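Contents: one structure, followed by commentary.
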Amino acid sequence: MSGGVIEAALAVEREVAAPVPRRAGIGARFGASALDRLAPLLGLAGLLALWFAGGLVLDSVPAYAAFTGFAPGPALASFAELLASGEAWRAAAPSLARIGQGLAVAFGLGAPLGLLVGSVPLAERILQPPFQLLRMISPLAWMPVAVLAFPSWDGAIVFLIAAAAIWPILFATAAGVKRVDPVWLAMARNLGAGRLAALRAVVVPAVLQDILTGVRLALGVAWIVLVPAEYLGVTSGLGYAINDARDTLSYDRLAALVLLIGLIGYALDTGLGRLAARARWIPAT
């Protein structure tokens, strides 16, 4: 009798105790998920806190009194004014057009060259040294050449952007081609596909994610080059607006334009990152 009572008590104890770890696991997973979602906001909050701390330093040190426009209060007020007046779009639209043209040129040259370098070993051995040499030259070093070679300032800026953006696209594409599973190419050949057909049906879809990752990296480089490139003779764009704000000592407007550049660049990078993440290709079997 006593043995049956003990067994029954142990069974009840097990039934009562079993759900506890499960609830704790759900709670831990929920907490980790919430923390994962909040992590970007925490990073931005930390950056904003540093900005406010810098503003307090500018307010408290008399030597920096002329630069108080960089503080969050004046800068955010000027940013709201840029948005309300439409000046933000008028400054950003020409820059976005130049970025789009420069990336288009870089993609049109870099992606085919990357496919060539990645798929033809002899072409890689021939082209790798000059490409690596040119890659290490700062795009802004080409500025005097661009001014002389192009009849318009816009053409020179697009050239500088393309010169900065071509290398991430080219090398990311070439690296992606080298990672293509040889079994896929063998299957394509066994099905009667020639070199061009295999390139179109297998290689390009397989390396699409690498190409888009290269475009994303190219965008980051081009976005950095854009502002100093627009210090040339143009009278529009974010770089021109930055230069104008500096010359007129409008530091609150300058800080607002810097914030605008960061937000636009972040939005473009996020969009390309999500597009690249969805471009993973698995061949049909």
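All residue names refer to the structure tokens as shown: chains lettered A, B, ... in order, residues numbered from 1 in each chain, ligands numbered from 1 in order.
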
Sorted by chain and rising residue number, list the residues of stretch 204-239 of chain A at most 8 Å from stretch 170-184 of chain A (counting only C-alpha atoms), each with its closest atom pair and distance in Å to one decimal, as a Markdown table.
| residue | atom | partner | partner_atom | distance |
| --- | --- | --- | --- | --- |
| A:Ala206 | CA | A:Val180 | CA | 6.6 |
| A:Val207 | CA | A:Gly176 | CA | 5.1 |
| A:Asp210 | CA | A:Gly176 | CA | 5.5 |
| A:Ile211 | CA | A:Thr173 | CA | 5.1 |
| A:Thr213 | CA | A:Ala172 | CA | 7.2 |
| A:Gly214 | CA | A:Ala172 | CA | 5.1 |

Produce a file of the selected residues containing N, CA, C and O atoms, as a short mmCIF file (atom, residue, chain, number, x, y, z; two decimals), in the first residue's frame.
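Ended up saving to part-v5.cif:
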data_model
loop_
_atom_site.label_atom_id
_atom_site.label_comp_id
_atom_site.auth_asym_id
_atom_site.auth_seq_id
_atom_site.Cartn_x
_atom_site.Cartn_y
_atom_site.Cartn_z
N ALA A 206 22.77 31.73 -59.54
CA ALA A 206 23.48 31.27 -58.36
C ALA A 206 24.27 32.38 -57.69
O ALA A 206 24.46 32.37 -56.47
N VAL A 207 24.76 33.34 -58.48
CA VAL A 207 25.60 34.41 -57.91
C VAL A 207 24.80 35.70 -57.71
O VAL A 207 25.40 36.72 -57.37
N ASP A 210 25.38 37.24 -54.39
CA ASP A 210 26.72 37.85 -54.30
C ASP A 210 26.76 39.18 -55.05
O ASP A 210 27.39 40.14 -54.58
N ILE A 211 26.11 39.23 -56.21
CA ILE A 211 26.09 40.48 -56.98
C ILE A 211 25.38 41.58 -56.19
O ILE A 211 25.87 42.71 -56.11
N THR A 213 24.99 41.72 -52.98
CA THR A 213 25.84 42.09 -51.85
C THR A 213 26.93 43.05 -52.30
O THR A 213 27.27 44.02 -51.59
N GLY A 214 27.51 42.80 -53.49
CA GLY A 214 28.49 43.72 -54.03
C GLY A 214 27.92 45.09 -54.32
O GLY A 214 28.56 46.11 -54.06
#

Next item on the list: Determine, counting only C-alpha atoms, which protein, DNA and RNA residues have an atom within 12 Å of an atom of A:Gly262; residues of the same chain fewer than 2 positions away are not included. Present the result as a ChimeraX atom specification.
Entry: /A:92,220,223-224,227,238,255-260,264-269

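Across A:Leu103, A:Leu199, A:Ala71, A:Ala229, the tightest approach to A:Val147 is made by A:Ala229 when counting only C-alpha atoms.
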
Margin query: Nearest residue to A:Ala111 out of A:Leu226, A:Ala149, A:Leu42, A:Ala218, using only C-alpha atoms?
Written below: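 Nearest candidate to A:Ala111 out of A:Leu226, A:Ala149, A:Leu42, A:Ala218: A:Ala218.
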
Next item on the list: Extract, using only C-alpha atoms, all DNA, RNA and protein residues at most 8 Å from A:Leu58, discarding same-chain residues fewer than 6 positions from it, and format them as a PyMOL selection string.
Entry: chain A and resi 64-65+67-68+71

Margin query: So, with only C-alpha atoms as the atoms that count, which of A:Ala91, A:Ala162, A:Val204, A:Val61 lies closest to A:Asp244?
Written below: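 Among the listed residues, the smallest separation from A:Asp244 belongs to A:Ala91.
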
Check: Interatomic distance between atom CA of A:Leu41 and atom CA of A:Gly54?
Finding: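 For atom CA of A:Leu41 relative to atom CA of A:Gly54, the distance reads 19.8 Å.
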
Note to self: I'd like the interatomic distance between atom CA of A:Ser78 and atom CA of A:Trp153, to a tenth of an Å.
What the structure shows: 28.9 Å
